[in-house]
file query-v4.pdb (PDB, C-alpha atoms)
ATOM      1  CA  MET I 116       3.034   5.854   9.931
ATOM      2  CA  THR I 117       2.700   6.823   6.241
ATOM      3  CA  ALA I 118      -0.149   8.964   4.959
ATOM      4  CA  THR I 119      -2.016   7.922   1.843
ATOM      5  CA  PRO I 120      -2.198  10.403  -1.063
ATOM      6  CA  GLY I 121      -4.463  13.318  -0.212
ATOM      7  CA  GLU I 122      -4.476  12.464   3.495
ATOM      8  CA  ARG I 123      -2.986  14.717   6.161
ATOM      9  CA  ARG I 124       0.194  13.550   7.805
ATOM     10  CA  PRO I 125      -0.352  12.429  11.393
ATOM     11  CA  SER I 126      -0.289  15.176  14.006
ATOM     12  CA  GLU I 127       2.671  13.656  15.862
ATOM     13  CA  ASP I 128       4.915  14.493  12.869
ATOM     14  CA  LEU I 129       4.141  18.188  13.225
ATOM     15  CA  PRO I 130       5.748  20.784  15.524
ATOM     16  CA  GLY I 131       3.961  21.585  18.762
ATOM     17  CA  CYS I 132       4.240  25.364  18.345
ATOM     18  CA  VAL I 133       4.564  27.369  15.130
ATOM     19  CA  VAL I 134       5.021  31.112  14.555
ATOM     20  CA  VAL I 135       3.433  32.362  11.325
ATOM     21  CA  SER I 136       3.824  35.666   9.495
ATOM     22  CA  GLY I 137       1.268  36.551   6.837
ATOM     23  CA  ALA I 138      -1.336  34.514   8.737
ATOM     24  CA  SER I 139      -4.167  36.702   7.419
ATOM     25  CA  GLY I 140      -3.259  36.142   3.766
ATOM     26  CA  LEU I 141      -4.684  33.580   1.352
ATOM     27  CA  VAL I 142      -2.143  30.860   2.126
ATOM     28  CA  GLY I 143      -1.732  31.831   5.771
ATOM     29  CA  ARG I 144      -5.430  31.515   6.607
ATOM     30  CA  ALA I 145      -5.686  28.039   5.112
ATOM     31  CA  LEU I 146      -2.442  26.873   6.704
ATOM     32  CA  VAL I 147      -3.277  28.173  10.185
ATOM     33  CA  ALA I 148      -6.698  26.501  10.062
ATOM     34  CA  SER I 149      -5.073  23.211   9.042
ATOM     35  CA  LEU I 150      -2.416  23.325  11.775
ATOM     36  CA  GLU I 151      -4.781  24.413  14.538
ATOM     37  CA  GLY I 152      -7.199  21.715  13.434
ATOM     38  CA  ASP I 153      -4.520  19.186  14.303
ATOM     39  CA  GLY I 154      -3.772  20.705  17.700
ATOM     40  CA  VAL I 155      -0.697  22.761  16.773
ATOM     41  CA  ARG I 156      -0.303  25.980  18.771
ATOM     42  CA  VAL I 157      -0.021  28.861  16.284
ATOM     43  CA  LEU I 158       1.356  32.300  17.167
ATOM     44  CA  ARG I 159       0.540  34.960  14.569
ATOM     45  CA  LEU I 160       2.939  37.812  13.870
ATOM     46  CA  VAL I 161       0.940  41.049  13.518
ATOM     47  CA  ARG I 162       1.887  44.653  12.742
ATOM     48  CA  ARG I 163      -0.462  46.173  15.333
ATOM     49  CA  ARG I 164      -1.139  45.833  19.033
ATOM     50  CA  PRO I 165      -1.757  42.120  19.802
ATOM     51  CA  SER I 166      -5.369  41.368  20.713
ATOM     52  CA  SER I 167      -4.761  37.934  22.266
ATOM     53  CA  GLU I 168      -2.035  35.645  23.562
ATOM     54  CA  ALA I 169      -1.963  34.014  20.119
ATOM     55  CA  GLU I 170      -0.573  37.204  18.537
ATOM     56  CA  VAL I 171       2.927  38.671  18.653
ATOM     57  CA  ALA I 172       3.783  42.191  17.492
ATOM     58  CA  TRP I 173       6.562  42.789  15.001
ATOM     59  CA  ASP I 174       7.655  45.669  12.791
ATOM     60  CA  PRO I 175      10.134  44.570  10.085
ATOM     61  CA  PRO I 176      10.977  48.071   8.758
ATOM     62  CA  ARG I 177      12.021  49.068  12.284
ATOM     63  CA  GLY I 178      13.656  45.729  13.073
ATOM     64  CA  SER I 179      11.304  45.186  15.991
ATOM     65  CA  LEU I 180      10.458  41.669  17.193
ATOM     66  CA  GLU I 181      10.226  40.160  20.642
ATOM     67  CA  THR I 182      12.802  37.368  20.318
ATOM     68  CA  GLY I 183      11.421  35.711  23.420
ATOM     69  CA  SER I 184       8.246  34.942  21.505
ATOM     70  CA  LEU I 185      10.254  32.507  19.381
ATOM     71  CA  GLU I 186      11.690  30.592  22.340
ATOM     72  CA  ALA I 187       8.819  28.130  22.511
ATOM     73  CA  ALA I 188       8.458  27.812  18.751
ATOM     74  CA  ASP I 189       9.566  24.660  16.993
ATOM     75  CA  ALA I 190       9.035  26.281  13.605
ATOM     76  CA  VAL I 191       8.631  29.678  11.961
ATOM     77  CA  ILE I 192       6.644  29.959   8.737
ATOM     78  CA  HIS I 193       7.257  33.234   6.933
ATOM     79  CA  LEU I 194       4.630  34.148   4.323
ATOM     80  CA  ALA I 195       4.401  37.935   4.604
ATOM     81  CA  GLY I 196       5.084  40.190   1.639
ATOM     82  CA  GLU I 197       3.378  42.822  -0.520
ATOM     83  CA  SER I 198       1.409  41.540  -3.517
ATOM     84  CA  ILE I 199       3.308  41.850  -6.799
ATOM     85  CA  ALA I 200       0.037  42.203  -8.729
ATOM     86  CA  ALA I 201      -1.600  45.045  -6.792
ATOM     87  CA  GLY I 202      -0.725  47.701  -9.371
ATOM     88  CA  ARG I 203       1.842  49.010 -11.840
ATOM     89  CA  TRP I 204       5.450  48.749 -10.752
ATOM     90  CA  THR I 205       6.540  52.270  -9.990
ATOM     91  CA  ALA I 206       9.939  52.743  -8.407
ATOM     92  CA  VAL I 207       8.250  53.150  -5.018
ATOM     93  CA  ARG I 208       6.149  49.991  -5.500
ATOM     94  CA  LYS I 209       9.182  47.945  -6.509
ATOM     95  CA  GLU I 210      11.104  49.092  -3.461
ATOM     96  CA  GLY I 211       8.115  48.203  -1.269
ATOM     97  CA  ILE I 212       7.846  44.722  -2.786
ATOM     98  CA  LEU I 213      11.537  44.083  -2.197
ATOM     99  CA  ARG I 214      11.714  45.498   1.325
ATOM    100  CA  SER I 215       8.512  43.733   2.454
ATOM    101  CA  ARG I 216      10.207  40.419   1.731
ATOM    102  CA  VAL I 217      13.823  41.003   2.620
ATOM    103  CA  ASP I 218      13.367  42.993   5.856
ATOM    104  CA  GLY I 219      10.986  40.496   7.465
ATOM    105  CA  THR I 220      13.038  37.485   6.386
ATOM    106  CA  ARG I 221      16.252  38.953   7.729
ATOM    107  CA  LEU I 222      14.602  39.976  11.005
ATOM    108  CA  LEU I 223      13.270  36.460  11.639
ATOM    109  CA  SER I 224      16.532  34.824  10.539
ATOM    110  CA  GLU I 225      18.628  36.984  12.847
ATOM    111  CA  ALA I 226      16.228  36.392  15.737
ATOM    112  CA  LEU I 227      16.432  32.624  15.265
ATOM    113  CA  ALA I 228      20.219  32.820  14.998
ATOM    114  CA  ARG I 229      20.458  34.683  18.321
ATOM    115  CA  LEU I 230      18.472  31.985  20.109
ATOM    116  CA  GLY I 231      21.234  29.482  19.521
ATOM    117  CA  PRO I 232      20.909  25.678  19.460
ATOM    118  CA  ARG I 233      18.145  23.967  21.413
ATOM    119  CA  PRO I 234      18.771  21.292  24.061
ATOM    120  CA  SER I 235      19.306  17.842  22.579
ATOM    121  CA  ASP I 236      15.950  16.649  23.909
ATOM    122  CA  ARG I 237      14.044  19.379  22.026
ATOM    123  CA  ARG I 238      13.005  19.346  18.387
ATOM    124  CA  ALA I 239      15.368  21.283  16.114
ATOM    125  CA  ARG I 240      13.948  24.568  14.860
ATOM    126  CA  VAL I 241      13.002  25.073  11.234
ATOM    127  CA  LEU I 242      12.356  28.214   9.212
ATOM    128  CA  VAL I 243      10.039  27.773   6.228
ATOM    129  CA  SER I 244      10.438  31.038   4.348
ATOM    130  CA  ALA I 245       8.358  31.483   1.213
ATOM    131  CA  SER I 246       9.948  32.416  -2.081
ATOM    132  CA  ALA I 247       8.596  32.238  -5.627
ATOM    133  CA  ILE I 248       9.315  30.700  -9.010
ATOM    134  CA  GLY I 249       9.988  34.250 -10.143
ATOM    135  CA  TYR I 250      13.524  33.251  -9.072
ATOM    136  CA  TYR I 251      13.979  31.639 -12.493
ATOM    137  CA  GLY I 252      12.781  34.594 -14.543
ATOM    138  CA  SER I 253      11.048  34.103 -17.891
ATOM    139  CA  ARG I 254      12.674  31.091 -19.565
ATOM    140  CA  GLY I 255      10.388  30.071 -22.440
ATOM    141  CA  ASP I 256       9.942  26.296 -22.746
ATOM    142  CA  GLU I 257      12.916  25.386 -20.496
ATOM    143  CA  ARG I 258      12.040  22.812 -17.828
ATOM    144  CA  LEU I 259      13.149  24.301 -14.512
ATOM    145  CA  THR I 260      14.133  22.316 -11.424
ATOM    146  CA  GLU I 261      15.724  23.508  -8.204
ATOM    147  CA  THR I 262      19.167  23.039  -9.797
ATOM    148  CA  SER I 263      18.361  25.581 -12.519
ATOM    149  CA  GLY I 264      20.110  28.896 -12.052
ATOM    150  CA  ALA I 265      18.525  32.218 -11.231
ATOM    151  CA  GLY I 266      17.042  34.225 -14.059
ATOM    152  CA  THR I 267      17.092  37.926 -14.812
ATOM    153  CA  GLY I 268      14.639  40.732 -14.200
ATOM    154  CA  PHE I 269      13.004  42.364 -11.219
ATOM    155  CA  LEU I 270      11.248  39.260  -9.850
ATOM    156  CA  ALA I 271      14.410  37.166 -10.091
ATOM    157  CA  ASP I 272      16.373  39.881  -8.290
ATOM    158  CA  VAL I 273      13.736  40.044  -5.539
ATOM    159  CA  CYS I 274      13.716  36.278  -5.049
ATOM    160  CA  ARG I 275      17.505  36.072  -4.850
ATOM    161  CA  ALA I 276      17.591  38.775  -2.179
ATOM    162  CA  TRP I 277      14.587  37.210  -0.399
ATOM    163  CA  GLU I 278      16.208  33.791  -0.158
ATOM    164  CA  GLY I 279      19.594  35.330   0.639
ATOM    165  CA  ALA I 280      18.100  37.041   3.702
ATOM    166  CA  THR I 281      17.768  33.624   5.389
ATOM    167  CA  ALA I 282      21.578  33.390   5.639
ATOM    168  CA  PRO I 283      21.823  34.268   9.377
ATOM    169  CA  ALA I 284      19.535  31.355  10.280
ATOM    170  CA  CYS I 285      21.340  28.979   7.900
ATOM    171  CA  ASP I 286      24.723  29.973   9.312
ATOM    172  CA  ALA I 287      23.443  29.348  12.855
ATOM    173  CA  GLY I 288      22.458  25.779  11.979
ATOM    174  CA  VAL I 289      18.706  26.315  11.670
ATOM    175  CA  ARG I 290      17.071  24.092   9.050
ATOM    176  CA  VAL I 291      15.840  26.535   6.420
ATOM    177  CA  VAL I 292      13.459  25.630   3.600
ATOM    178  CA  THR I 293      12.499  28.111   0.884
ATOM    179  CA  PRO I 294       9.452  26.838  -1.032
ATOM    180  CA  ARG I 295       9.257  28.618  -4.384
ATOM    181  CA  LEU I 296       5.550  29.188  -4.945
ATOM    182  CA  GLY I 297       3.853  29.282  -8.314
ATOM    183  CA  VAL I 298       0.341  30.521  -9.084
ATOM    184  CA  VAL I 299      -1.852  29.436  -6.154
ATOM    185  CA  LEU I 300      -5.306  28.293  -7.254
ATOM    186  CA  ALA I 301      -8.094  29.186  -4.799
ATOM    187  CA  LYS I 302     -11.533  30.729  -5.127
ATOM    188  CA  GLU I 303     -10.955  32.897  -2.040
ATOM    189  CA  GLY I 304      -8.213  34.988  -3.619
ATOM    190  CA  GLY I 305      -5.242  35.125  -5.940
ATOM    191  CA  ALA I 306      -5.142  34.806  -9.728
ATOM    192  CA  LEU I 307      -7.995  32.326 -10.117
ATOM    193  CA  ALA I 308     -10.407  34.426  -8.059
ATOM    194  CA  LYS I 309      -9.642  37.450 -10.280
ATOM    195  CA  MET I 310     -10.289  35.392 -13.410
ATOM    196  CA  LEU I 311     -13.661  34.001 -12.354
ATOM    197  CA  THR I 312     -15.848  37.065 -12.994
ATOM    198  CA  PRO I 313     -14.658  37.875 -16.532
ATOM    199  CA  PHE I 314     -14.666  34.204 -17.500
ATOM    200  CA  ARG I 315     -18.195  33.714 -16.145
ATOM    201  CA  LEU I 316     -19.263  36.701 -18.241
ATOM    202  CA  GLY I 317     -17.778  35.069 -21.331
ATOM    203  CA  LEU I 318     -14.961  37.632 -21.488
ATOM    204  CA  GLY I 319     -12.082  35.223 -20.897
ATOM    205  CA  GLY I 320      -9.370  34.525 -23.441
ATOM    206  CA  VAL I 321      -5.691  33.818 -23.925
ATOM    207  CA  ILE I 322      -3.141  36.389 -22.843
ATOM    208  CA  GLY I 323      -0.483  37.313 -25.369
ATOM    209  CA  SER I 324       0.525  34.331 -27.510
ATOM    210  CA  GLY I 325      -0.942  31.866 -25.000
ATOM    211  CA  ARG I 326       2.260  29.827 -25.273
ATOM    212  CA  GLN I 327       3.804  31.080 -22.025
ATOM    213  CA  TRP I 328       4.036  28.466 -19.272
ATOM    214  CA  VAL I 329       2.156  28.758 -15.991
ATOM    215  CA  SER I 330       3.391  26.796 -12.976
ATOM    216  CA  TRP I 331       0.504  26.385 -10.544
ATOM    217  CA  ILE I 332      -0.543  24.629  -7.342
ATOM    218  CA  ALA I 333      -3.953  24.160  -5.721
ATOM    219  CA  LEU I 334      -4.234  25.790  -2.296
ATOM    220  CA  PRO I 335      -5.065  22.514  -0.472
ATOM    221  CA  ASP I 336      -1.940  20.901  -1.923
ATOM    222  CA  LEU I 337       0.180  23.912  -0.977
ATOM    223  CA  VAL I 338      -0.996  23.576   2.636
ATOM    224  CA  ARG I 339       0.007  19.918   2.502
ATOM    225  CA  VAL I 340       3.394  20.887   1.046
ATOM    226  CA  VAL I 341       4.158  23.210   3.971
ATOM    227  CA  ARG I 342       3.053  20.548   6.467
ATOM    228  CA  HIS I 343       5.318  18.071   4.681
ATOM    229  CA  LEU I 344       8.278  20.461   4.907
ATOM    230  CA  LEU I 345       7.663  20.967   8.620
ATOM    231  CA  ALA I 346       7.596  17.233   9.249
ATOM    232  CA  ARG I 347      10.572  16.173   7.102
ATOM    233  CA  ASP I 348      13.711  16.968   9.079
ATOM    234  CA  ASP I 349      15.889  15.871   6.160
ATOM    235  CA  VAL I 350      14.616  18.508   3.705
ATOM    236  CA  ALA I 351      16.297  21.904   3.443
ATOM    237  CA  GLY I 352      17.002  24.533   0.819
ATOM    238  CA  ALA I 353      14.963  25.523  -2.212
ATOM    239  CA  ILE I 354      11.849  23.516  -3.092
ATOM    240  CA  ASN I 355       9.625  24.176  -6.100
ATOM    241  CA  ALA I 356       6.146  24.282  -4.542
ATOM    242  CA  VAL I 357       4.238  23.725  -7.780
ATOM    243  CA  ALA I 358       2.194  20.915  -9.295
ATOM    244  CA  PRO I 359       4.113  18.481 -11.540
ATOM    245  CA  THR I 360       2.022  19.480 -14.574
ATOM    246  CA  PRO I 361       2.674  23.087 -15.627
ATOM    247  CA  VAL I 362       0.404  24.282 -18.448
ATOM    248  CA  THR I 363       0.465  26.983 -21.090
ATOM    249  CA  ASN I 364      -1.711  30.040 -20.708
ATOM    250  CA  ARG I 365      -3.852  28.704 -23.562
ATOM    251  CA  GLU I 366      -4.365  25.392 -21.718
ATOM    252  CA  LEU I 367      -5.255  27.244 -18.534
ATOM    253  CA  THR I 368      -7.716  29.445 -20.406
ATOM    254  CA  GLU I 369      -9.409  26.537 -22.184
ATOM    255  CA  THR I 370      -9.585  24.461 -19.000
ATOM    256  CA  LEU I 371     -11.193  27.233 -16.951
ATOM    257  CA  GLY I 372     -13.662  27.919 -19.752
ATOM    258  CA  ARG I 373     -14.564  24.239 -19.867
ATOM    259  CA  VAL I 374     -15.093  24.046 -16.098
ATOM    260  CA  LEU I 375     -17.259  27.185 -16.108
ATOM    261  CA  ARG I 376     -18.966  26.210 -19.385
ATOM    262  CA  ARG I 377     -18.209  29.563 -20.948
ATOM    263  CA  PRO I 378     -16.553  30.563 -24.239
ATOM    264  CA  THR I 379     -12.990  31.885 -24.121
ATOM    265  CA  LEU I 380     -12.867  34.006 -27.243
ATOM    266  CA  ILE I 381     -11.705  37.424 -25.986
ATOM    267  CA  PRO I 382      -7.888  37.573 -26.158
ATOM    268  CA  LEU I 383      -5.675  40.066 -24.360
ATOM    269  CA  PRO I 384      -2.903  40.936 -26.840
ATOM    270  CA  ALA I 385       0.623  41.424 -25.541
ATOM    271  CA  PRO I 386       0.806  45.132 -26.521
ATOM    272  CA  LEU I 387      -2.377  45.796 -24.560
ATOM    273  CA  VAL I 388      -0.953  43.972 -21.529
ATOM    274  CA  GLY I 389       2.024  46.310 -21.593
ATOM    275  CA  LEU I 390      -0.192  49.350 -22.043
ATOM    276  CA  LEU I 391      -2.547  48.426 -19.191
ATOM    277  CA  PHE I 392      -0.134  46.942 -16.661
ATOM    278  CA  GLY I 393       3.361  48.006 -17.656
ATOM    279  CA  GLU I 394       6.352  46.014 -16.434
ATOM    280  CA  MET I 395       4.221  44.107 -13.919
ATOM    281  CA  GLY I 396       1.962  42.733 -16.655
ATOM    282  CA  GLU I 397       4.864  41.830 -18.904
ATOM    283  CA  ALA I 398       6.549  39.868 -16.117
ATOM    284  CA  ALA I 399       3.538  38.313 -14.380
ATOM    285  CA  LEU I 400       1.198  37.732 -17.355
ATOM    286  CA  LEU I 401       3.521  37.291 -20.335
ATOM    287  CA  GLY I 402       6.499  35.697 -18.596
ATOM    288  CA  SER I 403       7.013  31.949 -19.112
ATOM    289  CA  THR I 404       8.207  29.801 -16.191
ATOM    290  CA  ARG I 405       7.952  26.015 -16.573
ATOM    291  CA  ALA I 406       8.937  24.871 -13.074
ATOM    292  CA  VAL I 407       8.543  21.305 -11.800
ATOM    293  CA  PRO I 408       8.734  19.971  -8.189
ATOM    294  CA  ALA I 409      11.711  17.624  -8.579
ATOM    295  CA  ARG I 410      12.997  17.796  -4.994
ATOM    296  CA  LEU I 411       9.541  17.787  -3.474
ATOM    297  CA  GLN I 412       8.531  14.586  -5.244
ATOM    298  CA  ALA I 413      11.923  13.009  -4.479
ATOM    299  CA  SER I 414      11.204  13.644  -0.776
ATOM    300  CA  GLY I 415       8.081  11.483  -0.987
ATOM    301  CA  PHE I 416       5.371  14.101  -1.400
ATOM    302  CA  THR I 417       2.325  13.024  -3.434
ATOM    303  CA  PHE I 418      -0.044  15.602  -4.920
ATOM    304  CA  SER I 419      -3.763  15.127  -4.366
ATOM    305  CA  THR I 420      -4.689  17.244  -7.414
ATOM    306  CA  PRO I 421      -1.880  17.122 -10.012
ATOM    307  CA  ASP I 422      -4.334  17.605 -12.900
ATOM    308  CA  LEU I 423      -5.340  21.209 -13.632
ATOM    309  CA  GLU I 424      -9.010  20.584 -14.405
ATOM    310  CA  ARG I 425      -9.471  18.435 -11.318
ATOM    311  CA  ALA I 426      -7.657  21.047  -9.232
ATOM    312  CA  ILE I 427      -9.891  23.883 -10.456
ATOM    313  CA  ARG I 428     -13.043  21.851  -9.873
ATOM    314  CA  THR I 429     -11.809  20.909  -6.400
ATOM    315  CA  VAL I 430     -10.990  24.438  -5.237
ATOM    316  CA  LEU I 431     -14.205  25.888  -6.688
ATOM    317  CA  ALA I 432     -16.238  23.236  -4.841
ATOM    318  CA  ARG I 433     -14.590  23.945  -1.483
ATOM    319  CA  ARG I 434     -16.295  26.060   1.141
ATOM    320  CA  ALA I 435     -14.627  29.422   1.664
TER     321      ALA I 435
END

call {"tool": "encode", "arguments": {"input": "query-v4.pdb", "output": "structure tokens"}}
result
Amino acid sequence: MTATPGERRPSEDLPGCVVVSGASGLVGRALVASLEGDGVRVLRLVRRRPSSEAEVAWDPPRGSLETGSLEAADAVIHLAGESIAAGRWTAVRKEGILRSRVDGTRLLSEALARLGPRPSDRRARVLVSASAIGYYGSRGDERLTETSGAGTGFLADVCRAWEGATAPACDAGVRVVTPRLGVVLAKEGGALAKMLTPFRLGLGGVIGSGRQWVSWIALPDLVRVVRHLLARDDVAGAINAVAPTPVTNRELTETLGRVLRRPTLIPLPAPLVGLLFGEMGEAALLGSTRAVPARLQASGFTFSTPDLERAIRTVLARRA
């Protein structure tokens, strides 16, 4: 059975039981609600004492995880990691960002590897471990597909180590998919939510030159992407989880202003970005990454909101 564009794939294509890290985050909340709505059993990894049978304790820095909790799982979705935009990148912050991604990924990969192959009558396990388009670094106007090499800089280094930490699962024959996320558009959190207040006050404007590329994806489409990756047993490796229509910062600014019916006349010059946010601002706000979802589209995925203005209007109209 084939789903029409914008429609959920049928429940029978999905795993029966999924373990999710980062279930309380922006993407995790939406994904868990979608999976549970279709009858999938979801076990949430939590870094505290579990409060129900649907929660499993883990502690990545200490390498603690009850491997038995993964026995029944057909899939593990790993979304946990410290925000890169929560503050200036001090040495301590950078180490925390790196370790929060690598330690958890390695712990889950090693746990899956120790479980060994499943009986032939059981569905093969899959690990969907989030990564980011920061893998490519800042590349100007270059069109970036999954065959493009890694870039340079802190974010590229983090993403290489992050994806590399899935090696134990890969070597054990687990199907591993690493969706490289771009800017996730949602009114409940993330970059768009932070932009809404200043733009509604008429304080929005281009950042730096405005020519830097922004690769984005609407939250509902990202949920559909992960569901697609769970269902497609023939997809593995890196996948650019971004819409097929990246835009410049100027286009993003003008589009959001048009949707909100507000002027966008207050620029944020590049020197001020560096002064206010340091290395984080230079990488996250001034960096240019023009990624496109070549492998995702080749696998048959169809975006429901590939147009930026439609995507913004859609996510702003959704109930939180």

call {"tool": "resolve_selection", "arguments": {"input": "query-v4.pdb", "expression": "the PyMOL selection byres ((chain I and resi 249) around 10)", "output": "PyMOL selection string"}}
result
chain I and resi 246-248+250-253+265-275+295-297+398-399+402-404+406

call {"tool": "closest_residue", "arguments": {"input": "query-v4.pdb", "among": "I:Val161, I:Ala195, I:Ala282, I:Leu344", "to": "I:Ala226", "atoms": "all atoms listed in the file"}}
result
I:Ala282

call {"tool": "atom_distance", "arguments": {"input": "query-v4.pdb", "atom1": "atom CA of I:Arg315", "atom2": "atom CA of I:Lys302"}}
result
13.2 Å

call {"tool": "closest_residue", "arguments": {"input": "query-v4.pdb", "among": "I:Leu242, I:Leu141, I:Val388, I:Ala200", "to": "I:Gly304", "atoms": "all atoms listed in the file"}}
result
I:Leu141

call {"tool": "resolve_selection", "arguments": {"input": "query-v4.pdb", "expression": "the PyMOL selection byres ((chain I and resi 218) around 12)", "output": "mmCIF file with C-alpha atoms, in the coordinates of the input"}}
result
data_model
loop_
_atom_site.group_PDB
_atom_site.id
_atom_site.type_symbol
_atom_site.label_atom_id
_atom_site.label_comp_id
_atom_site.auth_asym_id
_atom_site.auth_seq_id
_atom_site.Cartn_x
_atom_site.Cartn_y
_atom_site.Cartn_z
ATOM 1 C CA TRP I 173 6.562 42.789 15.001
ATOM 2 C CA ASP I 174 7.655 45.669 12.791
ATOM 3 C CA PRO I 175 10.134 44.570 10.085
ATOM 4 C CA PRO I 176 10.977 48.071 8.758
ATOM 5 C CA ARG I 177 12.021 49.068 12.284
ATOM 6 C CA GLY I 178 13.656 45.729 13.073
ATOM 7 C CA SER I 179 11.304 45.186 15.991
ATOM 8 C CA LEU I 180 10.458 41.669 17.193
ATOM 9 C CA HIS I 193 7.257 33.234 6.933
ATOM 10 C CA ALA I 195 4.401 37.935 4.604
ATOM 11 C CA GLY I 196 5.084 40.190 1.639
ATOM 12 C CA GLU I 197 3.378 42.822 -0.520
ATOM 13 C CA GLU I 210 11.104 49.092 -3.461
ATOM 14 C CA GLY I 211 8.115 48.203 -1.269
ATOM 15 C CA ILE I 212 7.846 44.722 -2.786
ATOM 16 C CA LEU I 213 11.537 44.083 -2.197
ATOM 17 C CA ARG I 214 11.714 45.498 1.325
ATOM 18 C CA SER I 215 8.512 43.733 2.454
ATOM 19 C CA ARG I 216 10.207 40.419 1.731
ATOM 20 C CA VAL I 217 13.823 41.003 2.620
ATOM 21 C CA GLY I 219 10.986 40.496 7.465
ATOM 22 C CA THR I 220 13.038 37.485 6.386
ATOM 23 C CA ARG I 221 16.252 38.953 7.729
ATOM 24 C CA LEU I 222 14.602 39.976 11.005
ATOM 25 C CA LEU I 223 13.270 36.460 11.639
ATOM 26 C CA SER I 224 16.532 34.824 10.539
ATOM 27 C CA GLU I 225 18.628 36.984 12.847
ATOM 28 C CA VAL I 273 13.736 40.044 -5.539
ATOM 29 C CA ALA I 276 17.591 38.775 -2.179
ATOM 30 C CA TRP I 277 14.587 37.210 -0.399
ATOM 31 C CA GLU I 278 16.208 33.791 -0.158
ATOM 32 C CA GLY I 279 19.594 35.330 0.639
ATOM 33 C CA ALA I 280 18.100 37.041 3.702
ATOM 34 C CA THR I 281 17.768 33.624 5.389
#

call {"tool": "residues_around", "arguments": {"input": "query-v4.pdb", "residues": "I:Glu181", "least_positions_apart": "4", "cutoff": "8 Å", "atoms": "only C-alpha atoms", "output": "VMD selection string"}}
result
chain I and resid 171 to 173 185

call {"tool": "atom_distance", "arguments": {"input": "query-v4.pdb", "atom1": "atom CA of I:Trp331", "atom2": "atom CA of I:Ala413"}}
result
18.6 Å

call {"tool": "resolve_selection", "arguments": {"input": "query-v4.pdb", "expression": "the PyMOL selection byres ((chain I and resi 395) around 9)", "output": "PyMOL selection string"}}
result
chain I and resi 199-200+202-204+389+392-394+396-400

call {"tool": "residues_around", "arguments": {"input": "query-v4.pdb", "residues": "I:Thr420", "least_positions_apart": "4", "cutoff": "9 Å", "atoms": "only C-alpha atoms", "output": "MDAnalysis selection string"}}
result
chainID I and resid 121 332:333 335:336 358 424:427 429

call {"tool": "atom_distance", "arguments": {"input": "query-v4.pdb", "atom1": "atom CA of I:Asp256", "atom2": "atom CA of I:Ser414"}}
result
25.4 Å

call {"tool": "closest_residue", "arguments": {"input": "query-v4.pdb", "among": "I:Glu257, I:Asp349, I:Asp153, I:Glu170", "to": "I:Ser136", "atoms": "only C-alpha atoms"}}
result
I:Glu170

call {"tool": "closest_residue", "arguments": {"input": "query-v4.pdb", "among": "I:Leu383, I:Val133, I:Ile322, I:Ala206", "to": "I:Asn364", "atoms": "all atoms listed in the file"}}
result
I:Ile322

call {"tool": "residues_near_point", "arguments": {"input": "query-v4.pdb", "point": "(3.7, 24.3, -15.1)", "cutoff": "8 Å", "atoms": "all atoms listed in the file", "output": "list in words"}}
result
Trp328, Val329, Ser330, Trp331, Val357, Ala358, Pro359, Thr360, Pro361, Val362, Thr363, Thr404, Arg405, Ala406 and Val407 of chain I

call {"tool": "write_last_selection", "arguments": {"input": "query-v4.pdb", "atoms": "C-alpha atoms", "output": "PDB file, in the frame of the given file"}}
result
ATOM      1  CA  TRP I 328       4.036  28.466 -19.272  1.00  0.00           C
ATOM      2  CA  VAL I 329       2.156  28.758 -15.991  1.00  0.00           C
ATOM      3  CA  SER I 330       3.391  26.796 -12.976  1.00  0.00           C
ATOM      4  CA  TRP I 331       0.504  26.385 -10.544  1.00  0.00           C
ATOM      5  CA  VAL I 357       4.238  23.725  -7.780  1.00  0.00           C
ATOM      6  CA  ALA I 358       2.194  20.915  -9.295  1.00  0.00           C
ATOM      7  CA  PRO I 359       4.113  18.481 -11.540  1.00  0.00           C
ATOM      8  CA  THR I 360       2.022  19.480 -14.574  1.00  0.00           C
ATOM      9  CA  PRO I 361       2.674  23.087 -15.627  1.00  0.00           C
ATOM     10  CA  VAL I 362       0.404  24.282 -18.448  1.00  0.00           C
ATOM     11  CA  THR I 363       0.465  26.983 -21.090  1.00  0.00           C
ATOM     12  CA  THR I 404       8.207  29.801 -16.191  1.00  0.00           C
ATOM     13  CA  ARG I 405       7.952  26.015 -16.573  1.00  0.00           C
ATOM     14  CA  ALA I 406       8.937  24.871 -13.074  1.00  0.00           C
ATOM     15  CA  VAL I 407       8.543  21.305 -11.800  1.00  0.00           C
TER      16      VAL I 407
END

call {"tool": "residues_around", "arguments": {"input": "query-v4.pdb", "residues": "stretch 372-376 of chain I", "least_positions_apart": "2", "cutoff": "7 Å", "atoms": "all atoms listed in the file", "output": "number ranges by chain"}}
result
I: 314-315, 368-370, 378-379, 428

call {"tool": "decode", "arguments": {"input": "query-v4.pdb", "residues": "stretch 199-203 of chain I", "atoms": "N, CA and C atoms", "output": "tab-separated table (two decimals), in the first residue's frame"}}
result
chain	number	residue	atom	x	y	z
I	199	ILE	N	23.03	23.36	20.60
I	199	ILE	CA	24.23	24.09	20.20
I	199	ILE	C	24.03	25.60	20.34
I	200	ALA	N	22.77	26.03	20.49
I	200	ALA	CA	22.46	27.46	20.49
I	200	ALA	C	22.06	27.99	21.86
I	201	ALA	N	22.41	27.27	22.92
I	201	ALA	CA	21.99	27.65	24.27
I	201	ALA	C	22.89	28.70	24.91
I	202	GLY	N	23.99	29.05	24.24
I	202	GLY	CA	24.90	30.05	24.81
I	202	GLY	C	26.21	30.06	24.05
I	203	ARG	N	27.10	30.95	24.45
I	203	ARG	CA	28.41	31.05	23.80
I	203	ARG	C	29.18	29.75	23.98
